[in-house]
Amino acid sequence: MKKPMPALLIVDMFSRFDFPEADLIQDSALSAAKAIARLRQRFKDEEKPVIYANDNFANWQMDFKELVQECLVTDGISAKIATPLRPSADDYFVLKPKHSAFLATPLAVLLAKLGCNQLVVCGMAADSCIASTCFDSNSREYETVLVPEAVAGIGARKARALQLLEDAQAARLVPIERYLR
């Protein structure tokens with residue numbers, strides 16, 4: 001078996017939280033952001049790639065740096081999440097038009113160029129963008145890891161999504177403390 005070369009994939013954590021049910025996921029997103037910041041620091045310390053995949057708020061003229069800046073200056077939860085997760089100059093990003101970080105993005109090409117065969121997927125929301133990304137990652141034969149504490153979701157929907165991903169063997173769930181060891 002080939003030794004894992006991981007990349008941290010942070011999905012949709014830059015948001016204005018102006019979508020339906022945003023109020024139901026905000027607490028979970030803030031909690032996930034704290035766990036993601038810990039993972040991100042580990043990846044930075046080990047000089048492993050950190051990749052952001054984010055929706056563009058349907059603004060096809062906005063680039064990723066503008067999206068991050070918009071979240072940083074938006075009061076409330078947007079800035080509370082964007083501040084600790086602000087990308088470094090050596091991080092990577094892809095803008096995605098829909099749920100999966102693979103759909104209509106250069107993510108697979110980027111991962112190939114980086115030599116990555118394992119994806120540690122985190123972000124929001126468990127039952128949509130995270131699930132779609134994990135199924136697509138698995139179908140492309142990446143070893144896919146989910147750290148539950150680093151995934152935001154709405155109540156029982158998060159639990160069901162994580163259980164489905166584990167049951168379908170689309171992702172391996174690893175608690176954060178075990179992953180960081």
# chains A, B, ... in the order shown; residues from 1 in each chain; ligands from 1
$ residues_around --residues "A:Arg42" --least-positions-apart "6" --cutoff "12 Å" --atoms "only C-alpha atoms" --output "NGL selection string"
:A and (6-8 or 35-36 or 48-50 or 176-177 or 179-181)
$ residues_around --residues "A:Cys116" --least-positions-apart "6" --cutoff "12 Å" --atoms "only C-alpha atoms" --output "list in words"
Lys2, Lys3, Pro4, Met5, Pro6, Ala7, Leu8, Leu9, Lys48, Pro49, Val50, Ile51, Leu107, Ala108, Val109, Leu110, Ser137, Glu141, Tyr142, Glu143 and Thr144 of chain A
$ write_last_selection --atoms "N, CA and C atoms" --output "PDB file, in the first residue's frame"
ATOM      1  N   LYS A   2       0.521   2.207  -0.818  1.00  0.00           N
ATOM      2  CA  LYS A   2       1.267   3.443  -0.956  1.00  0.00           C
ATOM      3  C   LYS A   2       1.125   4.290   0.308  1.00  0.00           C
ATOM      4  N   LYS A   3       2.224   4.895   0.747  1.00  0.00           N
ATOM      5  CA  LYS A   3       2.198   5.755   1.932  1.00  0.00           C
ATOM      6  C   LYS A   3       1.303   6.967   1.663  1.00  0.00           C
ATOM      7  N   PRO A   4       0.429   7.309   2.634  1.00  0.00           N
ATOM      8  CA  PRO A   4      -0.458   8.460   2.422  1.00  0.00           C
ATOM      9  C   PRO A   4       0.315   9.778   2.323  1.00  0.00           C
ATOM     10  N   MET A   5      -0.005  10.536   1.315  1.00  0.00           N
ATOM     11  CA  MET A   5       0.477  11.917   1.197  1.00  0.00           C
ATOM     12  C   MET A   5      -0.769  12.786   1.304  1.00  0.00           C
ATOM     13  N   PRO A   6      -1.030  13.328   2.497  1.00  0.00           N
ATOM     14  CA  PRO A   6      -2.292  14.016   2.713  1.00  0.00           C
ATOM     15  C   PRO A   6      -2.300  15.479   2.276  1.00  0.00           C
ATOM     16  N   ALA A   7      -3.500  15.930   1.986  1.00  0.00           N
ATOM     17  CA  ALA A   7      -3.791  17.354   1.818  1.00  0.00           C
ATOM     18  C   ALA A   7      -5.007  17.642   2.677  1.00  0.00           C
ATOM     19  N   LEU A   8      -5.024  18.797   3.309  1.00  0.00           N
ATOM     20  CA  LEU A   8      -6.188  19.240   4.074  1.00  0.00           C
ATOM     21  C   LEU A   8      -7.086  20.018   3.133  1.00  0.00           C
ATOM     22  N   LEU A   9      -8.338  19.583   3.005  1.00  0.00           N
ATOM     23  CA  LEU A   9      -9.306  20.248   2.134  1.00  0.00           C
ATOM     24  C   LEU A   9     -10.367  20.902   3.013  1.00  0.00           C
ATOM     25  N   LYS A  48       2.612  20.285   4.740  1.00  0.00           N
ATOM     26  CA  LYS A  48       1.680  19.545   3.888  1.00  0.00           C
ATOM     27  C   LYS A  48       0.674  20.548   3.313  1.00  0.00           C
ATOM     28  N   PRO A  49       0.132  20.274   2.134  1.00  0.00           N
ATOM     29  CA  PRO A  49      -0.743  21.248   1.486  1.00  0.00           C
ATOM     30  C   PRO A  49      -2.084  21.458   2.189  1.00  0.00           C
ATOM     31  N   VAL A  50      -2.478  22.718   2.192  1.00  0.00           N
ATOM     32  CA  VAL A  50      -3.799  23.141   2.666  1.00  0.00           C
ATOM     33  C   VAL A  50      -4.517  23.730   1.457  1.00  0.00           C
ATOM     34  N   ILE A  51      -5.711  23.202   1.192  1.00  0.00           N
ATOM     35  CA  ILE A  51      -6.488  23.629   0.019  1.00  0.00           C
ATOM     36  C   ILE A  51      -7.865  24.086   0.488  1.00  0.00           C
ATOM     37  N   LEU A 107      -9.497  20.673  -8.939  1.00  0.00           N
ATOM     38  CA  LEU A 107      -8.989  20.029  -7.730  1.00  0.00           C
ATOM     39  C   LEU A 107      -8.209  18.747  -8.024  1.00  0.00           C
ATOM     40  N   ALA A 108      -8.735  17.874  -8.856  1.00  0.00           N
ATOM     41  CA  ALA A 108      -8.038  16.608  -9.143  1.00  0.00           C
ATOM     42  C   ALA A 108      -6.672  16.859  -9.780  1.00  0.00           C
ATOM     43  N   VAL A 109      -6.581  17.837 -10.665  1.00  0.00           N
ATOM     44  CA  VAL A 109      -5.298  18.175 -11.295  1.00  0.00           C
ATOM     45  C   VAL A 109      -4.328  18.715 -10.239  1.00  0.00           C
ATOM     46  N   LEU A 110      -4.814  19.593  -9.365  1.00  0.00           N
ATOM     47  CA  LEU A 110      -3.981  20.143  -8.303  1.00  0.00           C
ATOM     48  C   LEU A 110      -3.449  19.034  -7.398  1.00  0.00           C
ATOM     49  N   SER A 137     -14.430  12.158  -3.905  1.00  0.00           N
ATOM     50  CA  SER A 137     -13.054  11.829  -3.561  1.00  0.00           C
ATOM     51  C   SER A 137     -12.850  10.316  -3.581  1.00  0.00           C
ATOM     52  N   GLU A 141     -10.617   7.448  -6.002  1.00  0.00           N
ATOM     53  CA  GLU A 141      -9.674   6.572  -5.305  1.00  0.00           C
ATOM     54  C   GLU A 141      -8.675   7.284  -4.414  1.00  0.00           C
ATOM     55  N   TYR A 142      -9.071   8.426  -3.865  1.00  0.00           N
ATOM     56  CA  TYR A 142      -8.294   9.045  -2.809  1.00  0.00           C
ATOM     57  C   TYR A 142      -8.683   8.377  -1.497  1.00  0.00           C
ATOM     58  N   GLU A 143      -7.720   8.199  -0.616  1.00  0.00           N
ATOM     59  CA  GLU A 143      -8.056   7.802   0.747  1.00  0.00           C
ATOM     60  C   GLU A 143      -8.696   9.040   1.370  1.00  0.00           C
ATOM     61  N   THR A 144      -9.920   8.902   1.820  1.00  0.00           N
ATOM     62  CA  THR A 144     -10.666  10.055   2.307  1.00  0.00           C
ATOM     63  C   THR A 144     -10.891   9.929   3.803  1.00  0.00           C
TER      64      THR A 144
END
$ atom_distance --atom1 "atom CA of A:Val147" --atom2 "atom CA of A:Ala170"
13.3 Å
$ atom_distance --atom1 "atom CA of A:Leu173" --atom2 "atom CA of A:Asp90"
27.4 Å
$ select_by_dssp --residues "chain A" --states "helix (DSSP H, G or I)" --output "PyMOL selection string"
chain A and resi 22-45+64-72+77-85+107-114+126-139+155-167+176-180
$ closest_atom_pairs --of "stretch 99-173 of chain A" --to "stretch 23-26 of chain A" --cutoff "7 Å" --atoms "only C-alpha atoms" --output "tab-separated table"
residue	atom	partner	partner_atom	distance
A:Ala152	CA	A:Ile25	CA	6.9
A:Gly153	CA	A:Ile25	CA	5.9
A:Ile154	CA	A:Ile25	CA	5.4
$ write_last_selection --atoms "C-alpha atoms" --output "compact mmCIF listing (two decimals), in the first residue's frame"
# COMPACT_ATOMS: atom_id res chain seq x y z
CA ALA A 152 -20.26 21.51 10.58
CA GLY A 153 -23.79 20.31 10.22
CA ILE A 154 -27.32 20.65 11.51
$ atom_distance --atom1 "atom CA of A:His99" --atom2 "atom CA of A:Lys44"
26.2 Å
$ residues_around --residues "A:Val121" --least-positions-apart "2" --cutoff "9 Å" --atoms "only C-alpha atoms" --output "list in words"
Ala7, Leu8, Leu9, Ile10, Val11, Leu119, Gly123, Ile130, Thr133, Cys134, Thr144, Val145, Leu146, Val147, Ala150, Val151 and Ala171 of chain A
$ write_last_selection --atoms "all heavy atoms" --output "JSON list (two decimals), in the first residue's frame"
[["chain", "number", "residue", "atom", "x", "y", "z"],
["A", 7, "ALA", "N", -3.50, 15.93, 1.99],
["A", 7, "ALA", "CA", -3.79, 17.35, 1.82],
["A", 7, "ALA", "C", -5.01, 17.64, 2.68],
["A", 7, "ALA", "O", -5.91, 16.81, 2.79],
["A", 7, "ALA", "CB", -4.09, 17.69, 0.36],
["A", 8, "LEU", "N", -5.02, 18.80, 3.31],
["A", 8, "LEU", "CA", -6.19, 19.24, 4.07],
["A", 8, "LEU", "C", -7.09, 20.02, 3.13],
["A", 8, "LEU", "O", -6.65, 21.00, 2.52],
["A", 8, "LEU", "CB", -5.76, 20.11, 5.25],
["A", 8, "LEU", "CG", -6.89, 20.64, 6.14],
["A", 8, "LEU", "CD1", -7.61, 19.50, 6.84],
["A", 8, "LEU", "CD2", -6.34, 21.63, 7.17],
["A", 9, "LEU", "N", -8.34, 19.58, 3.00],
["A", 9, "LEU", "CA", -9.31, 20.25, 2.13],
["A", 9, "LEU", "C", -10.37, 20.90, 3.01],
["A", 9, "LEU", "O", -11.14, 20.21, 3.68],
["A", 9, "LEU", "CB", -9.94, 19.24, 1.18],
["A", 9, "LEU", "CG", -10.95, 19.82, 0.19],
["A", 9, "LEU", "CD1", -10.27, 20.81, -0.77],
["A", 9, "LEU", "CD2", -11.63, 18.70, -0.60],
["A", 10, "ILE", "N", -10.39, 22.22, 3.01],
["A", 10, "ILE", "CA", -11.33, 23.01, 3.82],
["A", 10, "ILE", "C", -12.45, 23.50, 2.90],
["A", 10, "ILE", "O", -12.22, 24.31, 2.01],
["A", 10, "ILE", "CB", -10.62, 24.19, 4.50],
["A", 10, "ILE", "CG1", -9.46, 23.68, 5.37],
["A", 10, "ILE", "CG2", -11.61, 25.03, 5.31],
["A", 10, "ILE", "CD1", -8.55, 24.77, 5.91],
["A", 11, "VAL", "N", -13.65, 23.01, 3.14],
["A", 11, "VAL", "CA", -14.78, 23.24, 2.24],
["A", 11, "VAL", "C", -15.76, 24.27, 2.82],
["A", 11, "VAL", "O", -16.26, 24.10, 3.94],
["A", 11, "VAL", "CB", -15.53, 21.91, 1.96],
["A", 11, "VAL", "CG1", -16.72, 22.15, 1.04],
["A", 11, "VAL", "CG2", -14.58, 20.88, 1.36],
["A", 119, "LEU", "N", -7.05, 12.69, 1.22],
["A", 119, "LEU", "CA", -7.70, 13.97, 1.50],
["A", 119, "LEU", "C", -8.29, 13.93, 2.89],
["A", 119, "LEU", "O", -9.05, 13.02, 3.22],
["A", 119, "LEU", "CB", -8.85, 14.22, 0.51],
["A", 119, "LEU", "CG", -8.53, 14.92, -0.79],
["A", 119, "LEU", "CD1", -9.81, 15.17, -1.57],
["A", 119, "LEU", "CD2", -7.79, 16.21, -0.57],
["A", 123, "GLY", "N", -15.08, 21.05, 6.96],
["A", 123, "GLY", "CA", -15.84, 22.23, 6.56],
["A", 123, "GLY", "C", -17.32, 22.05, 6.76],
["A", 123, "GLY", "O", -17.77, 21.38, 7.69],
["A", 130, "ILE", "N", -19.97, 18.48, 2.07],
["A", 130, "ILE", "CA", -18.99, 17.52, 2.60],
["A", 130, "ILE", "C", -19.29, 16.13, 2.05],
["A", 130, "ILE", "O", -18.39, 15.44, 1.57],
["A", 130, "ILE", "CB", -18.99, 17.54, 4.14],
["A", 130, "ILE", "CG1", -18.54, 18.91, 4.66],
["A", 130, "ILE", "CG2", -18.11, 16.42, 4.70],
["A", 130, "ILE", "CD1", -17.14, 19.33, 4.26],
["A", 133, "THR", "N", -18.44, 15.92, -1.68],
["A", 133, "THR", "CA", -17.00, 15.92, -1.89],
["A", 133, "THR", "C", -16.40, 14.58, -1.51],
["A", 133, "THR", "O", -15.54, 14.04, -2.23],
["A", 133, "THR", "CB", -16.35, 17.07, -1.09],
["A", 133, "THR", "OG1", -16.86, 18.32, -1.59],
["A", 133, "THR", "CG2", -14.83, 17.05, -1.20],
["A", 134, "CYS", "N", -16.84, 14.00, -0.40],
["A", 134, "CYS", "CA", -16.29, 12.71, 0.04],
["A", 134, "CYS", "C", -16.64, 11.59, -0.95],
["A", 134, "CYS", "O", -15.78, 10.75, -1.26],
["A", 134, "CYS", "CB", -16.79, 12.35, 1.44],
["A", 134, "CYS", "SG", -16.01, 13.35, 2.72],
["A", 144, "THR", "N", -9.92, 8.90, 1.82],
["A", 144, "THR", "CA", -10.67, 10.06, 2.31],
["A", 144, "THR", "C", -10.89, 9.93, 3.80],
["A", 144, "THR", "O", -11.43, 8.93, 4.28],
["A", 144, "THR", "CB", -12.01, 10.18, 1.56],
["A", 144, "THR", "OG1", -11.76, 10.15, 0.14],
["A", 144, "THR", "CG2", -12.73, 11.46, 1.91],
["A", 145, "VAL", "N", -10.47, 10.95, 4.53],
["A", 145, "VAL", "CA", -10.56, 10.98, 5.98],
["A", 145, "VAL", "C", -11.44, 12.16, 6.38],
["A", 145, "VAL", "O", -11.31, 13.25, 5.83],
["A", 145, "VAL", "CB", -9.16, 11.13, 6.62],
["A", 145, "VAL", "CG1", -9.25, 11.29, 8.13],
["A", 145, "VAL", "CG2", -8.27, 9.96, 6.24],
["A", 146, "LEU", "N", -12.32, 11.92, 7.35],
["A", 146, "LEU", "CA", -13.15, 12.98, 7.92],
["A", 146, "LEU", "C", -12.85, 13.06, 9.41],
["A", 146, "LEU", "O", -12.85, 12.04, 10.09],
["A", 146, "LEU", "CB", -14.64, 12.66, 7.76],
["A", 146, "LEU", "CG", -15.39, 13.18, 6.57],
["A", 146, "LEU", "CD1", -16.84, 12.75, 6.63],
["A", 146, "LEU", "CD2", -15.28, 14.66, 6.42],
["A", 147, "VAL", "N", -12.62, 14.25, 9.89],
["A", 147, "VAL", "CA", -12.47, 14.49, 11.32],
["A", 147, "VAL", "C", -13.81, 15.09, 11.77],
["A", 147, "VAL", "O", -14.10, 16.24, 11.44],
["A", 147, "VAL", "CB", -11.28, 15.44, 11.60],
["A", 147, "VAL", "CG1", -11.20, 15.78, 13.07],
["A", 147, "VAL", "CG2", -9.98, 14.81, 11.10],
["A", 150, "ALA", "N", -14.34, 18.61, 12.95],
["A", 150, "ALA", "CA", -14.00, 19.65, 11.98],
["A", 150, "ALA", "C", -15.02, 19.75, 10.85],
["A", 150, "ALA", "O", -14.75, 20.32, 9.80],
["A", 150, "ALA", "CB", -12.60, 19.40, 11.41],
["A", 151, "VAL", "N", -16.20, 19.17, 11.09],
["A", 151, "VAL", "CA", -17.28, 19.20, 10.10],
["A", 151, "VAL", "C", -18.50, 19.84, 10.75],
["A", 151, "VAL", "O", -18.93, 19.44, 11.83],
["A", 151, "VAL", "CB", -17.63, 17.78, 9.61],
["A", 151, "VAL", "CG1", -18.84, 17.81, 8.68],
["A", 151, "VAL", "CG2", -16.43, 17.15, 8.91],
["A", 171, "ALA", "N", -15.59, 7.48, 3.36],
["A", 171, "ALA", "CA", -14.65, 8.22, 4.20],
["A", 171, "ALA", "C", -14.41, 7.45, 5.48],
["A", 171, "ALA", "O", -15.30, 6.74, 5.97],
["A", 171, "ALA", "CB", -15.19, 9.61, 4.51]]
$ residues_around --residues "stretch 29-31 of chain A" --least-positions-apart "5" --cutoff "12 Å" --atoms "only C-alpha atoms" --output "ChimeraX atom specification"
/A:11-15,17,22-24,36-38,76-85,122-126,148-155,158
$ residues_around --residues "A:Ser100" --least-positions-apart "2" --cutoff "10 Å" --atoms "only C-alpha atoms" --output "ChimeraX atom specification"
/A:11,53-55,96-98,102-105,128-137
$ closest_residue --among "A:Asn59, A:Asp18, A:Lys113, A:Leu39" --to "A:Pro175" --atoms "only C-alpha atoms"
A:Leu39
$ closest_residue --among "A:Asp75, A:Asp27, A:Asp91, A:Asp127" --to "A:Gln163" --atoms "only C-alpha atoms"
A:Asp127
$ decode --residues "stretch 14-97 of chain A" --atoms "C-alpha atoms" --output "CSV table (one decimal), in the first residue's frame"
chain,number,residue,atom,x,y,z
A,14,PHE,CA,-16.0,31.3,4.1
A,15,SER,CA,-19.6,32.3,4.1
A,16,ARG,CA,-21.8,35.3,4.7
A,17,PHE,CA,-24.3,33.0,6.4
A,18,ASP,CA,-27.1,34.5,4.5
A,19,PHE,CA,-28.6,31.2,3.3
A,20,PRO,CA,-31.7,29.4,4.5
A,21,GLU,CA,-31.0,27.6,7.8
A,22,ALA,CA,-27.8,29.6,8.4
A,23,ASP,CA,-28.9,30.3,11.9
A,24,LEU,CA,-29.2,26.5,12.5
A,25,ILE,CA,-25.6,25.8,11.5
A,26,GLN,CA,-23.7,28.8,12.9
A,27,ASP,CA,-22.8,27.3,16.3
A,28,SER,CA,-21.6,24.1,14.6
A,29,ALA,CA,-19.6,26.0,12.0
A,30,LEU,CA,-17.8,28.1,14.7
A,31,SER,CA,-17.0,24.9,16.6
A,32,ALA,CA,-15.8,23.2,13.4
A,33,ALA,CA,-13.6,26.3,12.6
A,34,LYS,CA,-11.7,25.8,15.9
A,35,ALA,CA,-11.0,22.2,15.1
A,36,ILE,CA,-10.1,23.1,11.5
A,37,ALA,CA,-7.6,25.7,12.8
A,38,ARG,CA,-5.9,23.0,14.8
A,39,LEU,CA,-5.7,20.7,11.8
A,40,ARG,CA,-4.5,23.5,9.6
A,41,GLN,CA,-1.7,24.3,12.0
A,42,ARG,CA,-0.6,20.7,12.0
A,43,PHE,CA,-0.5,20.6,8.2
A,44,LYS,CA,1.4,23.9,8.1
A,45,ASP,CA,3.9,22.6,10.7
A,46,GLU,CA,4.5,19.5,8.6
A,47,GLU,CA,4.6,21.5,5.3
A,48,LYS,CA,1.7,19.5,3.9
A,49,PRO,CA,-0.7,21.2,1.5
A,50,VAL,CA,-3.8,23.1,2.7
A,51,ILE,CA,-6.5,23.6,0.0
A,52,TYR,CA,-9.6,25.7,0.3
A,53,ALA,CA,-12.7,24.9,-1.8
A,54,ASN,CA,-15.4,27.4,-1.6
A,55,ASP,CA,-18.6,28.6,-3.2
A,56,ASN,CA,-18.4,32.0,-4.8
A,57,PHE,CA,-21.8,33.2,-3.6
A,58,ALA,CA,-22.9,32.9,-7.2
A,59,ASN,CA,-20.8,36.0,-8.0
A,60,TRP,CA,-18.9,34.8,-11.0
A,61,GLN,CA,-16.6,37.9,-11.0
A,62,MET,CA,-15.4,37.5,-7.4
A,63,ASP,CA,-12.1,35.7,-6.8
A,64,PHE,CA,-11.1,33.7,-3.7
A,65,LYS,CA,-9.1,36.5,-2.1
A,66,GLU,CA,-12.1,38.9,-2.5
A,67,LEU,CA,-14.4,36.3,-1.0
A,68,VAL,CA,-12.1,35.9,2.1
A,69,GLN,CA,-11.8,39.7,2.5
A,70,GLU,CA,-15.6,40.1,2.3
A,71,CYS,CA,-16.0,37.5,5.1
A,72,LEU,CA,-13.3,39.2,7.2
A,73,VAL,CA,-15.1,42.5,7.2
A,74,THR,CA,-18.6,41.1,7.6
A,75,ASP,CA,-19.8,41.5,11.2
A,76,GLY,CA,-20.7,38.4,13.2
A,77,ILE,CA,-20.1,34.8,12.5
A,78,SER,CA,-18.5,35.3,9.1
A,79,ALA,CA,-15.5,37.2,10.6
A,80,LYS,CA,-15.3,34.9,13.6
A,81,ILE,CA,-14.7,32.0,11.3
A,82,ALA,CA,-12.7,33.7,8.6
A,83,THR,CA,-10.2,35.3,10.9
A,84,PRO,CA,-8.6,32.1,12.3
A,85,LEU,CA,-9.0,30.3,9.0
A,86,ARG,CA,-7.5,33.1,6.9
A,87,PRO,CA,-5.3,31.5,4.1
A,88,SER,CA,-1.6,31.9,4.0
A,89,ALA,CA,0.2,32.9,0.9
A,90,ASP,CA,1.3,29.3,0.3
A,91,ASP,CA,-2.1,27.8,0.6
A,92,TYR,CA,-4.2,26.6,-2.5
A,93,PHE,CA,-7.8,27.3,-3.4
A,94,VAL,CA,-10.4,26.4,-5.9
A,95,LEU,CA,-13.8,28.0,-6.4
A,96,LYS,CA,-16.6,25.6,-6.9
A,97,PRO,CA,-20.0,26.2,-8.5
